[in-house]
Each structure stands twice: as C-alpha cells, then as structure tokens.
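*Asks:* Have a look at this one.
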Amino acid sequence: MKVLNKILFVVFLSTLFLANSILVGQTQLKNQSDFTPPPKANKIPIELTKFGHTRIDNYFWLKDKTNPEVIKYLEEENAYCDEVMNHTKPLQEKLFNEMKSRIKEDDESAPYYDNGYYYYYRTEAGKQYQIHCRKKENLQAKEEVLFDVNKMAENHLTYMFSGYEISMDNGLAIYASNTTGSYAEYTIRMKDLATGSELPDVIDKIASFTLANDNKTLFYVIIDEALRPYKFFRYAIGSNNKPELLYEERDEKFSLNVDKSKTKDWIFLNTSSANTSEYHFLDANKPMDKLQVFYPKLNNVEYYVYAHKDNFFILYKDSSCLNKKVFEVSRENIKDRNSWKEIIPHNPSIKLEFLDVFKNYLVVYKRENGLRLLEVYDLKDMKSRLIDFPEPVYFLGSGDNPDFNSNKIRYNYSSLNRPWTTYDFDMITGTTTKIKEQIIPSGFNPDDYIVERLWAPAKDGKKVPISIVYKKDLIKNKKNPTLLYAYGSYGSSSEAYFNSNIFSLVDRGFGYAIANIRGGGELGESWFEDGRLLNKINSFTDFIACAEYLIQEKYTAPEYLTIYGGSAGGLLMGAVVNLRPDLFKAVIAAVPFVDVLTTMLDSSLPLTVPEYEQWGNPNEEKYFNYIYSYSPYDNIKNQNYPNIIVTAGLNDSQVLYHEPTKWVAKLRDYKTDNNILLLKTNMESGHGGASGRFDRLKDISLWYSFLLDRLGVSQ
C-alpha cells in the first residue's frame with residue numbers, strides 16, 4: 001500500500017447504455033459551421049531547426065500557462081465545447097444516471113489480513129471517495145476508520161489519495177496524497193492511529209516510500225524538476241533531523257523506487273530504465289545499515305528480486321531470454337552470479353510477468369497467447385499446479401496478498417461480460433472459493449452478450465488479437481456502430497476486463513473492441529520490441545489493420561466506426577487519423593501525447609529523458625527522422641479528418657496540456673472538412689481527469705454523448 005511511480009499511465013476506459021438497438025441517422029446532424037466559430041489561437045511562429053530540418057511551430061507559445069492569453073484561449077475552447085455539446089445535455093444526464101445506476105454506492109472491498117488486522121475500504125451512497133478501515137484480529141471486531149477520503153477531499157476541487165503504509169507496531173500510518181491530479185508527485189504525512197492526530201512531519205515531491213521495522217525510520221524517494229524519481233533518503237520521524245541522502249541516480253534514463261519485501265525483512269531500492277535494472281538492499285530490522293548492491297547494473301539486463309526467509313527469487317531478463325526466467329539464490333551467495341540456480345527456464349512463447357512469494361509456495365503470473373495464467377509451485381519439490389480459465393478472453397489480476405505465511409492466493413477475475421470477482425485459491429487443497437462478486441444494482445445478465453477473440457492480419461502478416469463484446473441479437477451487416485480502443489506502448493497490456501460503463505454503448509447496439517497492437521506486452525516481449533523505437537509505426541499500422549478487419553468481417557463500416565485512446569494511446573489516435581482518416585467516424589483522444597518530437601527534444605520537460613528508451617533520443621539523427629515521420633502534430637495535412645473530441649488537464653504532469661492544445665489549434669488550420677473538433681481542458685486536474693468516482697462519470701458521459709451525437713442518435 002505504497003505510492004507507485006506512475007511514469008506510465010494507462011488510461012481507464014469506460015462507456016454507456018440505452019435501448020436494444022441503435023437507430024443511426026434519426027437526427028439532423030449539426031456540423032462545425034452551425035456554431036459560433038471557435039477561437040483562433042494566435043499564430044506566433046518560431047523556427048525549430050535540427051539535422052537540416054526546419055519546422056515552423058505557430059503555437060509554441062501555448063506552452064506558457066502563466067500567460068493570461070493562454071488561459072483565456074483554453075477557457076474560450078471550453079466555452080465552444082460547451083456550446084457545441086449543449087443540445088446533448090439531456091443525453092449526458094441520461095448516460096450519467098445509467099452509469100451511476102450500475103454502481104453499488106454502499107459497498108465494501110474484500111478484507112485481507114496483515115500483521116494482526118483485517119484491512120478493507122468501503123464506499124457510501126452519494127460520496128465520491130473511499131473510506132479506508134481495519135478491524136483487529138477478526139471481522140466481528142469494532143471498525144477503526146483510518147482515512148475517510150471524503151473528509152480529506154473537502155474544499156479541494158481535485159484530491160488524489162495514493163495509498164498508505166502501517167508501521168509494524170500498528171500505531172502509525174504514512175499516507176500520500178495531492179491536490180493537483182499529478183500521478184508523479186505526492187506529499188506524505190504521518191498519522192498517529194492511537195490519537196488520530198497528525199504528526200508535524202510533511203514531505204513533498206514524494207514518488208515512493210516505506211517504513212523500517214523500528215516504526216520510526218522512514219525511507220523515501222523524491223522527484224527532480226523533470227518528475228524523475230532520483231534521490232533516496234533515510235529520515236527519523238519526529239526528530240527534526242535533516243534527512244540523510246543514501247543514493248542519487250545521476251543517469252537521467254533511470255528512476256528509483258523503494259519498497260519493503262513481503263517477508264518484511266528487507267528494504268529494496270530499485271533503479272531502472274526501460275531496458276536495465278539494479279537492486280540495492282538493507283535489513284529492515286537494522287535501518288542504519290549501509291545500502292548494498294544486490295547485483296551490479298549491466299546494460300540491457302533487467303532483474304526483479306523477491307525475498308523468501310532464507311533466499312531470494314530473481315525474475316531475470318536479458319537478450320537471450322526476453323520472456324524472462326527465474327533463479328533462486330541463498331542470502332550468502334547473492335553476489336556470486338555462478339551460484340544462482342535456474343528453477344524456471346525461459347520459454348519463447350510464454351512471458352513471465354511477475355512473482356508472488358509465500359512461505360511454502362512460489363506463485364508465477366505468466367502470459368501465454370495473450371492471456372494471463374497463474375501457476376503455483378510447491379517449494380518442497382517445485383511441483384506446480386496451473387490455474388487456467390475457460391473463457392476465450394478474460395482478465396486475471398493479483399489480489400491483496402500481504403501475508404507471507406498464508407496458504408491461500410487471492411486473485412481477481414473478470415471478462416468483458418463477467419463482473420469483477422475475487423477468489424481465494426487454496427494452494428494445499430487446490431480448491432477455489434469465491435470471496436466477493438461485483439453487484440450491478442440496475443441488473444446485468446452476462447448471457448445477453450457475446451464475447452469473441454478475433455485475429456486481424458497485420459501489414460507484415462503478423463496476427464493481431466482483438467477482443468470484442470456485443471449484444472446477442474447483433475447482426476453482422478456492416479451497420480453496427482463500434483468503439484475500438486487501443487494503447488500499444490511501454491509493453492503495457494490492454495486487458496479485456498469488465499467495465500460496467502461500456503454497456504451504455506453495447507446496449508445501444510455498439511460493439512466494443514480492444515486491439516492488442518504491437519508496443520503492448522500481450523504476446524510477449526518481442527511484441528513490445530516490435531512496437532517501440534524504430535518499430536513504432538507497427539503500432540499504427542496494426543490498429544489500422546484491426547479497423548479494416550472489423551469492417552471486412554461486417555461488424556461495422558467507416559461511417560459507424562469510432563475509436564478511443566489516451567496518453568500514449570492518444571498518440572496512436574493522432575497518428576492513425578493522419579494516416580487513414582477515411583476509416584473513422586469519430587475519435588476520442590484523451591490527454592494525447594501528440595507533439596512527440598518537440599517534447600522529446602526538450603530534456604527539461606517532465607519524463608523526457610527516461611523515455612528515450614521507449615521512443616528514441618531525437619538528438620540522434622536516425623531517431624529524429626523516425627519520430628518526425630509519425631509525430632501527429634508534425635504530420636497534420638490538408639485533408640478531411642473525422643469528428644474529434646480532445647481532452648487535456650492543466651495540471652497534467654505526464655502529457656502537458658499544451659500538446660493537445662497545440663494539436664487542436666493546428667488541426668483547425670489544416671483540416672478541410674466541416675466535422676466537429678472540440679477541446680475540453682480540465683482547469684483543476686491532471687492526467688487522470690476528475691478524481692471523484694461520480695465526477696469521472698460526467699467526463700465519460702460527455703465523451704460518449706459526443707460519439708452518439710456524431711452517429712445521429714438522439715436518445
């Protein structure tokens with residue numbers, strides 16, 4: 001329950017609901033000329049020259065949010081968006097109420113046991129945020145409220161509560177939050193759980209933290225001006241002493257993260273880039289010990305350390321084993337590489353994703369054929385038991401498993417038409433027990449829907465997985481509206497999990513599809529490698545191939561096909577509408593990373609240098625030319641574009657607001673159509689938009705009313 005470094009943000013996708021089928025073309029569609037013209041951004045050209053290329057950027061000035069003219073322009077764009085979407089307000093309200101009706105407002109998470117207490121959170125009707133609680137020793141004990149985030153969020157337009165950690169004596173809680181909406185920067189505070197009072201210690205710019213076992217020594221990582229986690233400190237809580245710097249990562253491609261082992265014996269400091277990692281450690285019971293290196297950093301070698309009581313398990317990757325293998329090593333022989341014993345070999349068709357360690361068992365989460373499986377190894381003899389799942393496509397995720405001594409593994413399961421369910425698997429008996437199933441108050445029948453897994457042929461012959469859900473009575477006649485989603489970056493897998501909001505679209509006759517394009521990690525590390533650096537264009541052509549396949553197989557047609565992506569998935573949206581605008585009717589581009597070349601050339605901007613290993617360093621000519629060839633902002637043409645709604649966050653630390661803003665301004669200059677183009681900037685929040693669970697639904701209602709309106713649906 002610690003703050004996680006979120007350099008990578010994968011946008012949460014949701015959607016909508018209404019009748020049994022959609023009737024397209026019922027309403028007289030309005031176009032851009034039917035509204036008061038949107039404000040024109042001033043053209044203030046600057047020349048950007050490198051490697052003989054001179055680019056004219058008319059909207060570079062929009063970077064400066066301290067300029068009142070920039071704020072005025074954003075507010076005018078917001079006003080234009082409100083004007084254009086004003087006639088959809090009843091539909092937005094209807095969608096909001098539909099989606100809210102699928103949320104069990106009074107709910108409680110499945111409790112888990114850790115160090116003498118059961119921990120859980122609950123929600124209350126009408127309240128936006130979670131209430132974090134615990135009970136001592138048994139679930140019949142008196143509830144102790146640790147954090148009522150609703151109260152903490154009062155008087156704040158945005159409030160991000162990122163997690164907490166409890167001391168070993170159960171008397172102190174360290175928690176992280178911010179009021180900016182940033183996923184990269186938090187403030188930590190300390191709470192005395194006996195009195196409920198807060199300690200005076202407050203530390204800003206935190207990326208991650210953990211407590212030693214003496215209940216008073218805090219270890220934490222802070223960020224630099226570019227939001228890179230780079231310094232590791234030790235601090236005595238309540239002492240007023242100056243924090244002690246233990247480690248500074250000077251290589252700008254690397255970021256730090258601190259954590260405590262599940263055994264609670266070790267403090268681990270990990271420094272990692274996209275290709276390379278290194279662990280440092282010290283004894284959590286001896287917090288003043290010197291930090292030691294686990295295994296020295298080697299270029300293009302990644303490893304992840306998981307502690308047992310007497311040894312360590314190492315998930316390892318280099319060029320000879322891209323999908324990783326697992327080693328075991330005793331505490332005494334850590335630094336002797338020859339003493340590492342291989343216990344799970346590399347398999348080129350099965351990707352090992354992460355491990356979980358228990359006293360008697362080793363649990364391996366792995367991915368085969370794009371789907372995650374769970375394998376349990378008995379540490380006495382390394383005999384294993386595979387937990388697999390019968391559905392054609394699904395999502396499997398780790399549940400809360402902090403108890404090292406447990407013989408049960410908790411996991412979460414869902415699919416496109418199966419609500420979230422939490423299970424406990426007994427590793428001794430092999431039996432599975434359902435702990436909690438998501439309740440949909442307005443009613444939901446999984447059998448009303450069909451889920452399929454399709455394989456679209458890519459431009460180079462590779463097969464790209466598509467997961468799709470639609471109503472049973474859908475007829476494949478090329479007249480079905482469809483929403484196609486993808487991300488395709490950082491090796492992140494786009495999972496086919498249950499999202500109740502999408503049924504506001506599906507019940508209106510939509511198909512909802514997820515394309516697992518290259519750049520993601522669904523089909524192993526080679527799938528990731530084939531969609532980054534000098535292979536990035538494969539992500540875009542894969543997505544286009546998926547769109548063409550859905551059209552070929554008569555699920556939809558270009559006049560009914562809508563698409564959605566956010567952040568790096570917004571880069572995808574920008575690229576594909578430059579390449580094939582004729583394929584799509586409407587586009588949602590959420591906080592899109594569209595000014596790739598200019599951003600990657602500016603090392604002072606947040607997160608730029610660590611991303612060189614994802615996109616390439618444009619200070620090298622081959623990468624400059626390649627990024628220039630696809631960067632959405634640099635490749636806008638005089639051509640027709642689909643209807644597009646774009647979102648931005650003024651406090652966004654991952655994709656700065658000016659990227660989507662500049663993109664929209666330039667599109668207005670170049671596009672030759674009369675389709676709708678909107679920019680909606682959240683003036684209080686960051687990369688994730690609104691922070692409250694109901695406020696998020698308002699954002700989604702706007703997005704999907706835009707899609708329905710552009711398809712001519714009035715209900």
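All residue names refer to the structure tokens as shown: chains lettered A, B, ... in order, residues numbered from 1 in each chain, ligands numbered from 1 in order.
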Under the rule of at most 12 Å, produce a per-residue listing of segment 117-189 of chain A near segment 229-237 of chain A: chain, number, name, the closest pair of atoms, and the distance in Å, as CSV, using only C-alpha atoms.
*Replies:*
```
residue,atom,partner,partner_atom,distance
A:Ser167,CA,A:Ile237,CA,11.8
A:Leu172,CA,A:Ile237,CA,10.6
A:Ala173,CA,A:Ile237,CA,11.7
A:Ile174,CA,A:Ile237,CA,10.5
A:Ala184,CA,A:Pro229,CA,8.6
A:Glu185,CA,A:Pro229,CA,9.2
A:Tyr186,CA,A:Pro229,CA,11.5
A:Ile188,CA,A:Ile237,CA,11.9
A:Arg189,CA,A:Ile237,CA,10.5
```
*Asks:* Report the residues of segment 261-339 of chain A whose backbone DSSP state falls under helix (DSSP H, G or I), written as a ChimeraX atom specification.
*Replies:* /A:331-333,337-339
*Asks:* Thr210 of chain A: which residues within 12 Å, counting only C-alpha atoms, same-chain residues fewer than 4 positions away excluded, as a VMD selection string?
*Replies:* chain A and resid 1 to 4 163 to 168 173 to 176 188 206 214 to 221 232 to 235 257 to 261 264 266 to 269 284 287
*Asks:* Could you pull out the residues in segment 407-589 of chain A that DSSP calls strand (DSSP E) from the backbone, as a ChimeraX atom specification?
*Replies:* /A:408-415,418-426,432-437,449-457,463-471,482-485,511-515,561-566,586-589
*Asks:* Within 10 Å of Asp82 of chain A, counting only C-alpha atoms, which residues qualify if same-chain residues fewer than 4 places away don't, as a PyMOL selection string?
*Replies:* chain A and resi 76-78+86-89+678-680+702
*Asks:* Produce a table with one row for each residue of segment 477-575 of chain A that has an atom at most 9 Å from any atom of segment 390-409 of chain A, each row naming the nearest atom pair and its distance in Å at one decimal; use only C-alpha atoms; arrange rows by chain and rising residue number; format as a Markdown table.
*Replies:*
```
| residue | atom | partner | partner_atom | distance |
| --- | --- | --- | --- | --- |
| A:Glu495 | CA | A:Phe395 | CA | 5.9 |
| A:Ala496 | CA | A:Tyr394 | CA | 5.4 |
| A:Tyr497 | CA | A:Phe395 | CA | 5.1 |
| A:Phe498 | CA | A:Phe395 | CA | 8.2 |
```
*Asks:* Separation of atom CA of Val594 of chain A and atom CA of Ala648 of chain A, in Å?
*Replies:*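 Atom CA of Ala648 of chain A lies at a distance of 11.6 Å from atom CA of Val594 of chain A.
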*Asks:* Compile the contact shell of segment 97-111 of chain A as a PyMOL selection string: residues with an atom at most 8 Å away, counting only C-alpha atoms, same-chain residues fewer than 4 positions apart removed.
*Replies:* chain A and resi 16-17+93+118-127+422+435-436+439-443+500-501+504+694+697
*Asks:* Take the residues that were just selected and, keeping N, CA and C atoms, output them as a PDB file, in the first residue's frame.
*Replies:*
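So the final result, stored in out08.pdb, reads:
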```pdb
ATOM      1  N   LEU A  16     -21.186   3.550 -22.253  1.00  0.00           N
ATOM      2  CA  LEU A  16     -22.594   3.909 -21.962  1.00  0.00           C
ATOM      3  C   LEU A  16     -23.750   2.893 -22.185  1.00  0.00           C
ATOM      4  N   PHE A  17     -25.181   3.322 -22.112  1.00  0.00           N
ATOM      5  CA  PHE A  17     -26.341   2.399 -22.202  1.00  0.00           C
ATOM      6  C   PHE A  17     -27.667   3.001 -22.666  1.00  0.00           C
ATOM      7  N   GLU A  93     -27.018  13.680 -19.221  1.00  0.00           N
ATOM      8  CA  GLU A  93     -27.628  13.407 -17.920  1.00  0.00           C
ATOM      9  C   GLU A  93     -28.152  11.978 -17.861  1.00  0.00           C
ATOM     10  N   TYR A 118      -7.451  -6.980   9.857  1.00  0.00           N
ATOM     11  CA  TYR A 118      -8.108  -7.106   8.559  1.00  0.00           C
ATOM     12  C   TYR A 118      -8.318  -5.696   7.992  1.00  0.00           C
ATOM     13  N   TYR A 119      -7.855  -5.498   6.778  1.00  0.00           N
ATOM     14  CA  TYR A 119      -7.947  -4.197   6.122  1.00  0.00           C
ATOM     15  C   TYR A 119      -8.945  -4.255   4.967  1.00  0.00           C
ATOM     16  N   TYR A 120      -9.657  -3.161   4.769  1.00  0.00           N
ATOM     17  CA  TYR A 120     -10.629  -3.073   3.681  1.00  0.00           C
ATOM     18  C   TYR A 120     -10.973  -1.599   3.476  1.00  0.00           C
ATOM     19  N   TYR A 121     -11.677  -1.321   2.410  1.00  0.00           N
ATOM     20  CA  TYR A 121     -12.243   0.014   2.241  1.00  0.00           C
ATOM     21  C   TYR A 121     -13.718  -0.133   1.904  1.00  0.00           C
ATOM     22  N   ARG A 122     -14.464   0.904   2.157  1.00  0.00           N
ATOM     23  CA  ARG A 122     -15.884   0.890   1.813  1.00  0.00           C
ATOM     24  C   ARG A 122     -16.269   2.226   1.196  1.00  0.00           C
ATOM     25  N   THR A 123     -17.405   2.218   0.521  1.00  0.00           N
ATOM     26  CA  THR A 123     -17.952   3.442  -0.066  1.00  0.00           C
ATOM     27  C   THR A 123     -19.362   3.638   0.466  1.00  0.00           C
ATOM     28  N   GLU A 124     -19.796   4.884   0.485  1.00  0.00           N
ATOM     29  CA  GLU A 124     -21.128   5.211   0.982  1.00  0.00           C
ATOM     30  C   GLU A 124     -21.910   5.956  -0.090  1.00  0.00           C
ATOM     31  N   ALA A 125     -23.216   5.792  -0.056  1.00  0.00           N
ATOM     32  CA  ALA A 125     -24.098   6.387  -1.062  1.00  0.00           C
ATOM     33  C   ALA A 125     -23.883   7.896  -1.145  1.00  0.00           C
ATOM     34  N   GLY A 126     -23.740   8.369  -2.376  1.00  0.00           N
ATOM     35  CA  GLY A 126     -23.608   9.798  -2.623  1.00  0.00           C
ATOM     36  C   GLY A 126     -22.226  10.356  -2.397  1.00  0.00           C
ATOM     37  N   LYS A 127     -21.295   9.543  -1.882  1.00  0.00           N
ATOM     38  CA  LYS A 127     -19.954  10.047  -1.591  1.00  0.00           C
ATOM     39  C   LYS A 127     -18.978   9.621  -2.680  1.00  0.00           C
ATOM     40  N   THR A 422     -13.635 -11.732  -6.868  1.00  0.00           N
ATOM     41  CA  THR A 422     -12.429 -12.021  -6.094  1.00  0.00           C
ATOM     42  C   THR A 422     -12.494 -13.455  -5.595  1.00  0.00           C
ATOM     43  N   ILE A 435     -14.911 -15.040  -3.006  1.00  0.00           N
ATOM     44  CA  ILE A 435     -14.922 -14.161  -1.840  1.00  0.00           C
ATOM     45  C   ILE A 435     -15.888 -12.998  -2.035  1.00  0.00           C
ATOM     46  N   LYS A 436     -15.888 -12.433  -3.239  1.00  0.00           N
ATOM     47  CA  LYS A 436     -16.756 -11.284  -3.496  1.00  0.00           C
ATOM     48  C   LYS A 436     -17.006 -11.165  -4.989  1.00  0.00           C
ATOM     49  N   ILE A 439     -21.567  -6.399  -7.710  1.00  0.00           N
ATOM     50  CA  ILE A 439     -23.018  -6.324  -7.871  1.00  0.00           C
ATOM     51  C   ILE A 439     -23.355  -5.139  -8.768  1.00  0.00           C
ATOM     52  N   ILE A 440     -24.213  -5.374  -9.750  1.00  0.00           N
ATOM     53  CA  ILE A 440     -24.707  -4.310 -10.620  1.00  0.00           C
ATOM     54  C   ILE A 440     -26.154  -4.029 -10.212  1.00  0.00           C
ATOM     55  N   PRO A 441     -26.398  -2.953  -9.439  1.00  0.00           N
ATOM     56  CA  PRO A 441     -27.738  -2.730  -8.877  1.00  0.00           C
ATOM     57  C   PRO A 441     -28.844  -2.653  -9.918  1.00  0.00           C
ATOM     58  N   SER A 442     -28.549  -2.119 -11.099  1.00  0.00           N
ATOM     59  CA  SER A 442     -29.596  -1.988 -12.117  1.00  0.00           C
ATOM     60  C   SER A 442     -29.857  -3.292 -12.857  1.00  0.00           C
ATOM     61  N   GLY A 443     -29.051  -4.315 -12.554  1.00  0.00           N
ATOM     62  CA  GLY A 443     -29.243  -5.626 -13.172  1.00  0.00           C
ATOM     63  C   GLY A 443     -28.298  -5.866 -14.327  1.00  0.00           C
ATOM     64  N   SER A 500     -18.515  -1.718 -16.391  1.00  0.00           N
ATOM     65  CA  SER A 500     -19.972  -1.609 -16.494  1.00  0.00           C
ATOM     66  C   SER A 500     -20.405  -0.443 -17.379  1.00  0.00           C
ATOM     67  N   ASN A 501     -19.587   0.593 -17.479  1.00  0.00           N
ATOM     68  CA  ASN A 501     -19.988   1.770 -18.248  1.00  0.00           C
ATOM     69  C   ASN A 501     -20.148   1.481 -19.739  1.00  0.00           C
ATOM     70  N   SER A 504     -23.571   0.990 -21.663  1.00  0.00           N
ATOM     71  CA  SER A 504     -24.411   2.069 -22.161  1.00  0.00           C
ATOM     72  C   SER A 504     -24.221   2.257 -23.657  1.00  0.00           C
ATOM     73  N   PHE A 694     -17.914   9.795  -9.125  1.00  0.00           N
ATOM     74  CA  PHE A 694     -19.071  10.268  -9.890  1.00  0.00           C
ATOM     75  C   PHE A 694     -18.677  11.359 -10.878  1.00  0.00           C
ATOM     76  N   LEU A 697     -17.698   9.989 -14.106  1.00  0.00           N
ATOM     77  CA  LEU A 697     -18.810   9.598 -14.971  1.00  0.00           C
ATOM     78  C   LEU A 697     -19.298  10.773 -15.818  1.00  0.00           C
TER      79      LEU A 697
END
```
*Asks:* Fewer than 6 positions away in the same chain doesn't count, so skip those; otherwise give me all residues within 7 Å of segment 294-303 of chain A, counting only C-alpha atoms, as a ChimeraX atom specification.
*Replies:* /A:275-281,314-318,334-335
*Asks:* My list of candidates is A:Ser631, A:Thr54, A:Thr432, A:Gln128. Which is closest to Trp615 of chain A when distances are computed with only C-alpha atoms?
*Replies:*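 For Trp615 of chain A, the nearest of the candidates is A:Ser631.
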*Asks:* Excluding segment 348-358 of chain A and any residue of its chain fewer than 6 positions from it, enumerate the residues within 6 Å of it, using only C-alpha atoms, and give them as a PDB file with C-alpha atoms, in the first residue's frame.
*Replies:*
```
ATOM      1  CA  ASN A 323      10.345 -13.533 -21.833  1.00  0.00           C
ATOM      2  CA  LYS A 324      12.332 -13.965 -18.587  1.00  0.00           C
ATOM      3  CA  VAL A 364       4.106 -17.166 -11.088  1.00  0.00           C
ATOM      4  CA  TYR A 365       1.880 -14.894 -13.155  1.00  0.00           C
ATOM      5  CA  LYS A 366       2.592 -15.587 -16.811  1.00  0.00           C
ATOM      6  CA  ARG A 367       1.086 -14.766 -20.177  1.00  0.00           C
ATOM      7  CA  GLU A 368       0.553 -17.257 -22.991  1.00  0.00           C
ATOM      8  CA  PHE A 404       3.729 -14.316   3.749  1.00  0.00           C
ATOM      9  CA  GLY A 524       5.474 -11.380 -25.039  1.00  0.00           C
TER      10      GLY A 524
END
```
*Asks:* Smallest atom-to-atom distance to Pro37 of chain A: which of A:Ala513, A:Leu484, A:Leu677, A:Val713, using only C-alpha atoms?
*Replies:*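 That would be A:Leu677, the residue with the smallest distance to Pro37 of chain A.
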*Asks:* Could you work out how far atom CA of Ile645 of chain A lies from atom CA of Tyr657 of chain A, giving the answer in Å with one decimal?
*Replies:*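 Spanning atom CA of Tyr657 of chain A to atom CA of Ile645 of chain A is a straight-line distance of 14.5 Å.
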*Asks:* Tell me which of A:Asp34, A:Glu137, A:Glu83, A:Glu47 sits closest to Asn675 of chain A, counting only C-alpha atoms.
*Replies:*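 Under the stated criterion, the closest residue is A:Asp34.
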*Asks:* Between A:Leu667, A:Glu659, A:Ile588, A:Arg372, which one has atoms that come closest to Met573 of chain A, using only C-alpha atoms?
*Replies:*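 The answer is A:Ile588, which sits nearest to Met573 of chain A.
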